[in-house]
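See below for coords38.txt, which holds compact mmCIF, C-alpha atoms and all ligand atoms.
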# COMPACT_ATOMS: atom_id res chain seq x y z
CA MET A 1067 104.71 127.19 84.85
CA SER A 1068 106.71 125.15 87.29
CA LYS A 1069 105.37 123.22 90.24
CA ILE A 1070 106.71 122.05 93.57
CA ILE A 1071 105.17 118.71 94.53
CA VAL A 1072 105.79 117.17 97.95
CA VAL A 1073 105.51 113.42 98.45
CA THR A 1074 104.47 112.98 102.06
CA SER A 1075 102.67 110.61 104.45
CA GLY A 1076 103.30 111.15 108.13
CA LYS A 1077 103.93 107.46 108.71
CA GLY A 1078 107.30 106.03 107.78
CA GLY A 1079 108.06 103.28 105.31
CA VAL A 1080 104.88 103.57 103.27
CA GLY A 1081 106.60 104.19 99.93
CA LYS A 1082 107.40 107.93 99.70
CA THR A 1083 110.90 107.49 98.31
CA THR A 1084 109.79 104.73 95.91
CA THR A 1085 107.02 107.08 94.76
CA SER A 1086 109.23 110.18 94.49
CA ALA A 1087 111.66 108.26 92.28
CA ALA A 1088 108.88 106.81 90.12
CA ILE A 1089 106.90 110.02 89.76
CA GLY A 1090 109.95 112.19 89.07
CA THR A 1091 111.18 109.74 86.46
CA GLY A 1092 107.67 109.56 85.00
CA PHE A 1093 107.48 113.31 84.45
CA ALA A 1094 110.93 113.28 82.84
CA LEU A 1095 109.83 110.41 80.56
CA ARG A 1096 107.03 112.66 79.29
CA GLY A 1097 109.58 115.32 78.41
CA HIS A 1098 109.26 117.55 81.48
CA LYS A 1099 112.47 118.82 83.03
CA THR A 1100 112.33 117.44 86.56
CA VAL A 1101 114.42 117.39 89.73
CA ILE A 1102 113.84 115.10 92.71
CA VAL A 1103 115.00 116.54 96.03
CA ASP A 1104 115.75 114.32 99.04
CA PHE A 1105 114.66 116.07 102.26
CA ASP A 1106 115.51 113.15 104.52
CA VAL A 1107 118.53 114.73 106.21
CA GLY A 1108 120.69 112.09 107.90
CA LEU A 1109 118.93 109.23 106.13
CA ARG A 1110 119.73 109.79 102.48
CA ASN A 1111 118.14 107.04 100.38
CA LEU A 1112 116.75 108.53 97.20
CA ASP A 1113 120.23 108.29 95.63
CA LEU A 1114 120.18 104.50 96.08
CA ILE A 1115 116.70 104.11 94.64
CA MET A 1116 117.71 106.28 91.67
CA GLY A 1117 121.01 104.42 91.27
CA CYS A 1118 123.24 107.51 91.55
CA GLU A 1119 124.68 106.92 95.04
CA ARG A 1120 128.28 106.85 93.83
CA ARG A 1121 127.99 110.17 92.08
CA VAL A 1122 126.96 112.26 95.09
CA VAL A 1123 129.65 114.86 95.67
CA TYR A 1124 127.71 117.80 97.09
CA ASP A 1125 124.30 117.73 98.73
CA PHE A 1126 121.36 119.95 99.68
CA VAL A 1127 123.00 121.20 102.89
CA ASN A 1128 126.23 122.10 101.04
CA VAL A 1129 124.16 124.31 98.74
CA VAL A 1130 122.29 125.93 101.62
CA ASN A 1131 125.59 126.66 103.38
CA GLY A 1132 127.19 128.05 100.24
CA GLU A 1133 129.84 125.29 100.13
CA ALA A 1134 128.76 124.39 96.61
CA ASN A 1135 126.51 125.97 94.05
CA LEU A 1136 123.35 124.32 92.82
CA GLN A 1137 124.82 123.26 89.48
CA GLN A 1138 127.64 121.40 91.26
CA ALA A 1139 125.21 119.58 93.52
CA LEU A 1140 122.64 118.54 90.91
CA ILE A 1141 123.22 114.96 89.76
CA LYS A 1142 122.14 114.31 86.20
CA ASP A 1143 120.38 111.00 85.61
CA LYS A 1144 122.32 108.58 83.38
CA ARG A 1145 119.19 107.34 81.60
CA LEU A 1146 117.06 110.39 81.01
CA GLU A 1147 118.06 113.73 79.56
CA ASN A 1148 115.86 115.99 81.69
CA LEU A 1149 116.06 114.29 85.07
CA TYR A 1150 118.17 115.42 88.04
CA VAL A 1151 118.57 114.49 91.70
CA LEU A 1152 119.56 116.66 94.66
CA ALA A 1153 120.79 114.40 97.45
CA ALA A 1154 120.13 114.83 101.16
CA SER A 1155 123.00 115.44 103.50
CA GLN A 1156 124.18 112.61 105.73
CA THR A 1157 124.89 115.02 108.57
CA ARG A 1158 123.51 114.21 111.99
CA ASP A 1159 122.74 117.88 112.60
CA LYS A 1160 118.96 118.07 112.42
CA ASP A 1161 119.06 121.84 112.08
CA ALA A 1162 121.24 121.78 108.99
CA LEU A 1163 118.30 122.92 106.88
CA THR A 1164 116.55 126.19 107.63
CA LEU A 1165 113.35 127.59 106.20
CA GLU A 1166 115.27 130.43 104.54
CA GLY A 1167 117.88 128.05 103.12
CA VAL A 1168 115.24 125.73 101.71
CA GLU A 1169 113.33 128.63 100.23
CA LYS A 1170 116.42 129.93 98.45
CA VAL A 1171 117.24 126.55 96.91
CA LEU A 1172 113.65 125.73 95.93
CA MET A 1173 113.09 129.09 94.26
CA GLU A 1174 116.28 128.62 92.27
CA LEU A 1175 115.17 125.10 91.27
CA LYS A 1176 111.78 126.42 90.26
CA GLU A 1177 113.42 128.69 87.72
CA GLN A 1178 115.24 125.78 86.08
CA PHE A 1179 112.75 122.94 86.31
CA GLU A 1180 109.13 122.29 85.41
CA TYR A 1181 108.66 119.86 88.29
CA VAL A 1182 110.41 119.93 91.64
CA ILE A 1183 109.57 116.72 93.53
CA CYS A 1184 110.26 116.85 97.28
CA ASP A 1185 110.74 113.46 98.96
CA SER A 1186 109.64 114.10 102.55
CA PRO A 1187 111.04 112.32 105.59
CA ALA A 1188 108.58 110.48 107.83
CA GLY A 1189 106.96 112.19 110.79
CA ILE A 1190 105.48 115.62 111.26
CA GLU A 1191 108.58 117.29 112.69
CA LYS A 1192 110.90 119.83 111.15
CA GLY A 1193 112.08 117.82 108.13
CA ALA A 1194 108.56 116.97 107.00
CA HIS A 1195 107.50 120.56 107.60
CA LEU A 1196 110.35 121.93 105.46
CA ALA A 1197 109.51 119.48 102.66
CA MET A 1198 105.85 120.55 102.49
CA TYR A 1199 106.03 124.22 103.37
CA PHE A 1200 106.65 125.65 99.88
CA ALA A 1201 104.63 123.03 97.95
CA ASP A 1202 102.04 123.78 95.30
CA GLU A 1203 100.75 120.21 95.28
CA ALA A 1204 101.04 117.21 97.58
CA ILE A 1205 100.97 113.51 96.89
CA VAL A 1206 99.81 111.83 100.11
CA VAL A 1207 101.12 108.26 100.10
CA THR A 1208 98.90 105.94 102.11
CA ASN A 1209 98.95 102.20 102.78
CA PRO A 1210 95.57 100.50 103.31
CA GLU A 1211 96.20 100.09 107.00
CA VAL A 1212 94.85 101.93 110.09
CA SER A 1213 97.93 103.80 111.28
CA SER A 1214 98.89 104.96 107.81
CA VAL A 1215 95.38 106.30 107.08
CA ARG A 1216 95.24 108.12 110.40
CA ASP A 1217 98.66 109.69 109.86
CA SER A 1218 97.69 110.73 106.34
CA ASP A 1219 94.68 112.52 107.77
CA ARG A 1220 96.90 114.37 110.21
CA MET A 1221 99.22 115.29 107.38
CA LEU A 1222 96.25 116.65 105.40
CA GLY A 1223 95.45 118.89 108.38
CA ILE A 1224 99.02 120.16 108.39
CA LEU A 1225 99.04 120.73 104.61
CA SER A 1226 95.94 122.88 104.88
CA SER A 1227 97.04 124.97 107.86
CA LYS A 1228 100.83 125.07 108.15
CA SER A 1229 102.05 125.70 104.61
CA ARG A 1230 103.22 128.92 103.04
CA ARG A 1231 100.10 128.94 100.90
CA SER A 1232 97.81 128.72 103.93
CA GLU A 1233 99.79 131.26 105.96
CA ASN A 1234 99.65 133.75 103.07
CA ASN A 1235 95.96 133.03 102.43
CA GLU A 1236 96.72 131.82 98.91
CA ASP A 1237 94.99 128.96 97.07
CA PRO A 1238 95.49 125.82 99.15
CA ILE A 1239 97.95 123.05 98.26
CA VAL A 1240 96.31 120.68 95.77
CA GLU A 1241 96.09 117.29 97.49
CA HIS A 1242 96.38 113.97 95.65
CA LEU A 1243 95.90 110.57 97.24
CA LEU A 1244 98.12 107.66 96.23
CA ILE A 1245 97.36 104.29 97.78
CA THR A 1246 100.39 102.00 97.71
CA ARG A 1247 101.10 98.37 98.65
CA TYR A 1248 97.52 97.48 97.80
CA ASN A 1249 96.69 93.78 97.87
CA PRO A 1250 93.40 92.97 96.07
CA GLU A 1251 93.32 89.40 97.44
CA ARG A 1252 93.45 90.54 101.01
CA VAL A 1253 90.84 93.22 100.32
CA ALA A 1254 88.54 90.58 98.81
CA GLY A 1255 89.09 88.46 101.93
CA GLY A 1256 88.04 91.33 104.18
CA GLU A 1257 91.49 91.57 105.74
CA MET A 1258 92.58 94.86 104.23
CA LEU A 1259 90.91 98.27 103.86
CA SER A 1260 89.59 98.73 100.34
CA ILE A 1261 90.12 101.70 98.03
CA ASP A 1262 86.62 102.93 98.90
CA ASP A 1263 87.27 102.60 102.64
CA VAL A 1264 90.37 104.77 102.36
CA THR A 1265 88.85 107.37 100.05
CA ASP A 1266 85.70 107.56 102.23
CA ILE A 1267 87.81 108.53 105.20
CA LEU A 1268 90.41 110.79 103.62
CA ALA A 1269 88.06 112.41 101.10
CA ILE A 1270 90.68 113.69 98.67
CA LYS A 1271 91.05 112.90 95.00
CA LEU A 1272 92.57 109.49 94.29
CA LYS A 1273 95.32 109.67 91.67
CA GLY A 1274 96.54 106.10 91.74
CA VAL A 1275 96.68 102.70 93.37
CA ILE A 1276 100.03 100.90 93.35
CA PRO A 1277 99.78 97.18 94.07
CA GLU A 1278 102.03 95.38 96.53
CA SER A 1279 104.60 94.16 94.05
CA GLN A 1280 107.82 92.18 93.94
CA ALA A 1281 108.96 94.52 91.17
CA VAL A 1282 109.55 97.28 93.75
CA LEU A 1283 112.23 95.38 95.67
CA LYS A 1284 113.82 94.21 92.45
CA ALA A 1285 113.94 97.77 91.14
CA SER A 1286 115.46 99.12 94.34
CA ASN A 1287 118.06 96.35 94.34
CA GLN A 1288 119.18 97.54 90.94
CA GLY A 1289 118.86 101.28 91.50
CA VAL A 1290 116.28 101.63 88.73
CA PRO A 1291 113.04 103.53 89.48
CA VAL A 1292 110.24 100.97 89.20
CA ILE A 1293 108.38 103.02 86.60
CA LEU A 1294 111.14 102.07 84.13
CA ASP A 1295 110.16 98.40 84.58
CA THR A 1296 107.39 98.81 82.04
CA GLU A 1297 106.43 95.14 82.20
CA SER A 1298 105.68 95.26 85.91
CA ASP A 1299 102.30 95.94 87.54
CA ALA A 1300 103.75 98.60 89.86
CA GLY A 1301 105.58 100.27 86.98
CA GLN A 1302 102.41 100.45 84.92
CA ALA A 1303 100.37 101.67 87.88
CA TYR A 1304 102.85 104.51 88.46
CA ASN A 1305 102.72 105.31 84.77
CA ASP A 1306 98.92 105.61 84.94
CA THR A 1307 99.34 107.86 87.97
CA ILE A 1308 101.48 110.25 85.91
CA ASP A 1309 98.72 110.38 83.30
CA ARG A 1310 96.19 111.30 85.96
CA LEU A 1311 98.48 113.92 87.52
CA LEU A 1312 98.74 115.43 84.03
CA GLY A 1313 94.97 115.57 83.83
CA LYS A 1314 94.06 112.45 81.86
CA GLU A 1315 91.25 110.11 82.86
CA VAL A 1316 92.67 106.61 83.16
CA LYS A 1317 90.90 103.57 84.58
CA LEU A 1318 92.45 101.96 87.67
CA ARG A 1319 94.30 98.70 86.99
CA PHE A 1320 95.60 95.90 89.23
CA VAL A 1321 92.88 96.51 91.81
CA GLU A 1322 90.79 93.37 91.28
CA VAL A 1323 91.60 89.76 92.11
CA PRO A 1324 92.45 87.95 88.89
CA LYS A 1325 89.61 85.64 87.85
CA GLN A 1326 90.01 82.07 89.10
CA GLY A 1327 88.53 78.77 87.99
CA PHE A 1328 85.48 77.34 89.76
CA PHE A 1329 87.40 74.74 91.78
CA ALA A 1330 90.05 77.17 92.87
CA ARG A 1331 87.35 79.44 94.21
CA LEU A 1332 85.48 76.61 95.89
CA PHE A 1333 88.51 75.49 97.84
CA GLY A 1334 90.02 78.90 98.39
CA GLY A 1335 93.16 77.98 96.50
CA LYS A 1336 95.30 80.45 94.65
CA MET B 1431 84.50 82.80 99.79
CA ASN B 1432 85.70 79.22 100.21
CA LEU B 1433 83.72 76.24 101.49
CA PHE B 1434 84.84 76.74 105.04
CA ASP B 1435 83.56 80.33 105.14
CA PHE B 1436 80.39 79.19 103.44
CA PHE B 1437 79.46 76.68 106.15
CA ARG B 1438 80.56 78.88 109.00
CA GLY B 1439 78.28 81.57 107.67
CA ARG B 1440 79.28 85.19 107.31
CA GLN B 1441 77.75 86.82 110.34
CA LYS B 1442 81.15 87.81 111.63
CA GLN B 1443 82.35 91.28 110.72
CA THR B 1444 85.54 91.29 108.67
CA SER B 1445 88.63 92.81 110.24
CA ALA B 1446 88.72 95.42 107.48
CA SER B 1447 85.25 96.69 108.39
CA VAL B 1448 86.26 96.90 112.05
CA ALA B 1449 89.31 98.88 110.94
CA LYS B 1450 87.18 101.27 108.92
CA GLU B 1451 84.77 101.92 111.80
CA ARG B 1452 87.57 102.58 114.25
CA LEU B 1453 89.27 104.91 111.78
CA GLN B 1454 86.12 106.89 111.12
CA ILE B 1455 85.68 107.53 114.82
CA ILE B 1456 89.25 108.48 115.65
CA VAL B 1457 89.71 110.62 112.54
CA ALA B 1458 86.51 112.56 113.24
CA HIS B 1459 87.64 113.12 116.82
CA GLU B 1460 91.10 114.31 115.78
CA ARG B 1461 89.70 116.63 113.13
CA GLY B 1462 87.59 118.25 115.83
CA GLN B 1463 90.63 118.87 117.99
CA ARG B 1464 92.60 120.25 115.09
CA SER B 1465 90.38 123.29 114.90
CA THR B 1466 91.23 124.37 118.44
CA PRO B 1467 93.40 127.49 118.35
CA ASP B 1468 97.10 127.32 119.25
CA TYR B 1469 96.70 129.86 122.06
CA LEU B 1470 94.69 127.59 124.41
CA PRO B 1471 97.68 126.07 126.27
CA ALA B 1472 99.22 129.52 126.81
CA LEU B 1473 95.89 130.90 127.97
CA GLN B 1474 95.52 128.06 130.43
CA LYS B 1475 99.01 128.63 131.82
CA GLU B 1476 98.49 132.35 132.35
CA LEU B 1477 95.12 131.81 133.98
CA VAL B 1478 96.72 129.44 136.46
CA GLU B 1479 99.32 132.07 137.29
CA VAL B 1480 96.75 134.80 137.85
CA ILE B 1481 94.52 132.64 140.05
CA ARG B 1482 97.50 131.43 142.02
CA LYS B 1483 98.08 134.97 143.25
CA TYR B 1484 94.93 134.56 145.29
CA VAL B 1485 94.40 130.83 145.86
CA ASN B 1486 96.76 127.92 145.79
CA ILE B 1487 95.86 125.75 142.82
CA GLY B 1488 97.76 123.18 140.75
CA ASN B 1489 98.57 123.35 137.06
CA ASP B 1490 95.75 120.99 136.16
CA ASP B 1491 93.10 122.78 138.17
CA VAL B 1492 92.22 125.08 135.30
CA GLN B 1493 90.70 123.46 132.22
CA VAL B 1494 89.96 125.50 129.13
CA ALA B 1495 88.05 124.25 126.11
CA LEU B 1496 86.70 125.95 123.06
CA GLU B 1497 83.52 124.63 121.57
CA ASN B 1498 82.13 125.64 118.22
CA GLN B 1499 78.37 125.79 117.88
CA GLY B 1500 77.37 126.99 114.48
CA SER B 1501 78.56 130.54 114.05
CA CYS B 1502 79.50 131.16 117.69
CA SER B 1503 82.29 129.75 119.82
CA ILE B 1504 82.04 129.13 123.53
CA LEU B 1505 85.12 129.32 125.71
CA GLU B 1506 84.56 127.09 128.69
CA LEU B 1507 86.65 127.59 131.84
CA ASN B 1508 86.61 125.01 134.58
CA ILE B 1509 88.50 126.01 137.71
CA THR B 1510 88.77 123.63 140.64
CA LEU B 1511 89.43 125.42 143.91
CA PRO B 1512 91.09 123.57 146.80
CA ASP B 1513 89.01 122.30 149.76
CA ARG B 1514 88.60 124.83 152.48
N1 LIG C 1 104.20 98.86 95.99
C1 LIG C 1 105.10 98.24 96.77
N2 LIG C 1 105.17 96.88 96.79
C2 LIG C 1 106.08 96.25 97.56
N3 LIG C 1 106.97 96.88 98.35
C3 LIG C 1 106.96 98.23 98.38
C4 LIG C 1 106.02 98.99 97.60
N4 LIG C 1 106.26 100.29 97.84
C5 LIG C 1 107.27 100.37 98.71
N5 LIG C 1 107.71 99.13 99.04
C6 LIG C 1 108.80 98.79 99.97
O1 LIG C 1 108.55 99.42 101.21
C7 LIG C 1 109.76 99.84 101.81
C8 LIG C 1 109.68 101.32 102.15
O2 LIG C 1 109.59 102.05 100.95
P1 LIG C 1 110.16 103.54 100.85
O3 LIG C 1 111.57 103.61 101.27
O4 LIG C 1 109.81 104.05 99.50
O5 LIG C 1 109.24 104.22 101.95
P2 LIG C 1 109.38 105.67 102.60
O6 LIG C 1 107.99 106.13 102.86
O7 LIG C 1 110.23 106.54 101.75
O8 LIG C 1 110.14 105.35 103.96
P3 LIG C 1 110.74 106.42 104.99
O9 LIG C 1 109.57 106.95 105.75
O10 LIG C 1 111.66 105.63 105.83
O11 LIG C 1 111.42 107.48 104.18
C9 LIG C 1 110.88 99.50 100.84
O12 LIG C 1 111.47 98.31 101.25
C10 LIG C 1 110.15 99.34 99.52
O13 LIG C 1 110.81 98.43 98.69
MG MG C 2 111.95 107.73 102.27
Would it be possible to restate this file's structure as structure tokens?
Amino acid sequence: MSKIIVVTSGKGGVGKTTTSAAIGTGFALRGHKTVIVDFDVGLRNLDLIMGCERRVVYDFVNVVNGEANLQQALIKDKRLENLYVLAASQTRDKDALTLEGVEKVLMELKEQFEYVICDSPAGIEKGAHLAMYFADEAIVVTNPEVSSVRDSDRMLGILSSKSRRSENNEDPIVEHLLITRYNPERVAGGEMLSIDDVTDILAIKLKGVIPESQAVLKASNQGVPVILDTESDAGQAYNDTIDRLLGKEVKLRFVEVPKQGFFARLFGGK
Amino acid sequence: MNLFDFFRGRQKQTSASVAKERLQIIVAHERGQRSTPDYLPALQKELVEVIRKYVNIGNDDVQVALENQGSCSILELNITLPDR
């Protein structure tokens, strides 16, 4: 049975594209045939994070308009056998995607792939709506910060009332929370919302906590999804998240401040 | 906690706990508004038009609000008529 999963947040810049690339790659690593679809029309970026930017010939809008067929537009990953990317169009026409066009492409993808990961643009306007409308599940990416949490809550309201599932009175979209850019030191210092603070407010099931990590920038510099950096904290945290999305119970890691010596603690050193 | 915090004492609320309190309040408020039906603005506009056939009122002189109390909903209309 195949699944459409939207990666969404409301607020911009919280880590949706980083997460889409990592999660899509993670499913493919476990042997699931997966495609990651960039819905950010006009601001294509998933291709860069996946390292396939020079191989984009046709994009999502070309397929919707019948200028290319799906097979021509799908970009096969160079590293993994069952991983593909569908790039967003760089057009400035915001109406390039229509609900009918998106439906046609997604239903076709659903026949070929086990997981269809939709990388949503920021905001709650048309692009974000198109990315979530046909979803079976949603990964809500949230930073431990007031505006991100508030926007995630708004997005949860939209997921439960403005999706195809809700409009057809079907089972609701399954909602997963992913906290990213988490900094245990700042949480311990009382300067950043904790995991419990965020889950208390949003009240949906937590599927992972990705630490603030230098590995993310390094991975994006190189066009390698961070989950493939298996030594890194963020890579391992995304890997654990895949386990949980596949139903395994895995303990959270990288969420505590590493133990320090007595003097370091006394003087607040690092 | 370092020495400085220790001597200053910890009566002060952390900024994270202030953030959480503010979020809880605004999120609860916005969830309440979310349940208001989409037709309220249209209803308000039409009411203004109907009333304006008889009295001269402005667009903001009709306020509509829907309140949910248990199993029943109350539609509250507040119409401000101009001074005579
Ligand atoms: N765990 C992390 N640690 C450090 N930096 C991160 C982390 N996650 C994301 N970033 C950085 O945050 C920035 C935004 O990430 P990303 O592009 O994935 O966000 P987005 O939600 O897709 O943004 P947009 O809303 O613009 O599409 C990037 O510079 C990325 O490298
Ligand atoms: Mg993005």
Using all atoms listed in the file, which chain A residues lie at most 12 Å away from chain B, written as a ChimeraX atom specification? /A:1210-1224,1226-1228,1251-1269,1328-1336
Shell around region 1468-1480 of chain B at 12 Å using all atoms listed in the file, local window under 5 positions removed, as a VMD selection string: (chain A and resid 1227 to 1228) or (chain B and resid 1463 1485 to 1497 1505 to 1511)
Near-region 1095-1106 of chain A list (8 Å; only C-alpha atoms; drop same-chain fewer than 3 positions) as a PyMOL selection string: chain A and resi 1086-1087+1090-1092+1109-1112+1126+1146+1148-1155+1175+1179-1187+1193-1194+1196-1197
Dump of C-alpha atoms for the selected residues, as a PDB file, keeping the file's coordinate frame:
ATOM      1  CA  SER A1086     109.230 110.180  94.490  1.00  0.00           C
ATOM      2  CA  ALA A1087     111.660 108.260  92.280  1.00  0.00           C
ATOM      3  CA  GLY A1090     109.950 112.190  89.070  1.00  0.00           C
ATOM      4  CA  THR A1091     111.180 109.740  86.460  1.00  0.00           C
ATOM      5  CA  GLY A1092     107.670 109.560  85.000  1.00  0.00           C
ATOM      6  CA  LEU A1109     118.930 109.230 106.130  1.00  0.00           C
ATOM      7  CA  ARG A1110     119.730 109.790 102.480  1.00  0.00           C
ATOM      8  CA  ASN A1111     118.140 107.040 100.380  1.00  0.00           C
ATOM      9  CA  LEU A1112     116.750 108.530  97.200  1.00  0.00           C
ATOM     10  CA  PHE A1126     121.360 119.950  99.680  1.00  0.00           C
ATOM     11  CA  LEU A1146     117.060 110.390  81.010  1.00  0.00           C
ATOM     12  CA  ASN A1148     115.860 115.990  81.690  1.00  0.00           C
ATOM     13  CA  LEU A1149     116.060 114.290  85.070  1.00  0.00           C
ATOM     14  CA  TYR A1150     118.170 115.420  88.040  1.00  0.00           C
ATOM     15  CA  VAL A1151     118.570 114.490  91.700  1.00  0.00           C
ATOM     16  CA  LEU A1152     119.560 116.660  94.660  1.00  0.00           C
ATOM     17  CA  ALA A1153     120.790 114.400  97.450  1.00  0.00           C
ATOM     18  CA  ALA A1154     120.130 114.830 101.160  1.00  0.00           C
ATOM     19  CA  SER A1155     123.000 115.440 103.500  1.00  0.00           C
ATOM     20  CA  LEU A1175     115.170 125.100  91.270  1.00  0.00           C
ATOM     21  CA  PHE A1179     112.750 122.940  86.310  1.00  0.00           C
ATOM     22  CA  GLU A1180     109.130 122.290  85.410  1.00  0.00           C
ATOM     23  CA  TYR A1181     108.660 119.860  88.290  1.00  0.00           C
ATOM     24  CA  VAL A1182     110.410 119.930  91.640  1.00  0.00           C
ATOM     25  CA  ILE A1183     109.570 116.720  93.530  1.00  0.00           C
ATOM     26  CA  CYS A1184     110.260 116.850  97.280  1.00  0.00           C
ATOM     27  CA  ASP A1185     110.740 113.460  98.960  1.00  0.00           C
ATOM     28  CA  SER A1186     109.640 114.100 102.550  1.00  0.00           C
ATOM     29  CA  PRO A1187     111.040 112.320 105.590  1.00  0.00           C
ATOM     30  CA  GLY A1193     112.080 117.820 108.130  1.00  0.00           C
ATOM     31  CA  ALA A1194     108.560 116.970 107.000  1.00  0.00           C
ATOM     32  CA  LEU A1196     110.350 121.930 105.460  1.00  0.00           C
ATOM     33  CA  ALA A1197     109.510 119.480 102.660  1.00  0.00           C
TER      34      ALA A1197
END
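For the atom pair formed by atom O6 of ligand LIG 1 (chain C) and CA of Val1206 (chain A), the distance is 10.3 Å, given to one decimal.
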With all atoms listed in the file as the basis for distance, which of A:Val1292, A:Ala1188, A:Val1130, A:Leu1165 is at the shortest distance from ligand MG 2 (chain C)? A:Ala1188
Nearby residues, ligand LIG 1 (chain C), 6 Å, all atoms listed in the file, as a list of chain:residue names: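 The neighbouring residues of ligand LIG 1 (chain C) are, in order, A:Gly1078, A:Gly1079, A:Val1080, A:Gly1081, A:Lys1082, A:Thr1083, A:Thr1084, A:Pro1187, A:Ala1188, A:Thr1246, A:Arg1247, A:Ile1276, A:Pro1277, A:Glu1278, A:Ser1279, A:Gln1280, A:Val1282, A:Leu1283.
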State, in Å with one decimal place, the distance from CA of Gly1189 (chain A) to CA of Ser1075 (chain A).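 Taking CA of Gly1189 (chain A) and CA of Ser1075 (chain A), their separation equals 7.8 Å.
One finds CA of Val1122 (chain A) at 28.9 Å from CA of Thr1307 (chain A).
Those residues that approach Arg1158 (chain A) to within 10 Å, counting only C-alpha atoms, are Val1107, Gly1108, Leu1109 and Ala1162 of chain A; same-chain residues fewer than 4 positions away are not listed.
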I need every residue sitting at most 9 Å from the point (105.4, 126.8, 97.8) (coordinates as in the file, all atoms listed in the file considered), written as a PDB file with C-alpha atoms, in the coordinates of the input.
ATOM      1  CA  LYS A1069     105.370 123.220  90.240  1.00  0.00           C
ATOM      2  CA  ILE A1070     106.710 122.050  93.570  1.00  0.00           C
ATOM      3  CA  ILE A1071     105.170 118.710  94.530  1.00  0.00           C
ATOM      4  CA  GLU A1169     113.330 128.630 100.230  1.00  0.00           C
ATOM      5  CA  LEU A1172     113.650 125.730  95.930  1.00  0.00           C
ATOM      6  CA  MET A1173     113.090 129.090  94.260  1.00  0.00           C
ATOM      7  CA  MET A1198     105.850 120.550 102.490  1.00  0.00           C
ATOM      8  CA  TYR A1199     106.030 124.220 103.370  1.00  0.00           C
ATOM      9  CA  PHE A1200     106.650 125.650  99.880  1.00  0.00           C
ATOM     10  CA  ALA A1201     104.630 123.030  97.950  1.00  0.00           C
ATOM     11  CA  ASP A1202     102.040 123.780  95.300  1.00  0.00           C
ATOM     12  CA  GLU A1203     100.750 120.210  95.280  1.00  0.00           C
ATOM     13  CA  SER A1229     102.050 125.700 104.610  1.00  0.00           C
ATOM     14  CA  ARG A1230     103.220 128.920 103.040  1.00  0.00           C
ATOM     15  CA  ARG A1231     100.100 128.940 100.900  1.00  0.00           C
ATOM     16  CA  ILE A1239      97.950 123.050  98.260  1.00  0.00           C
TER      17      ILE A1239
END
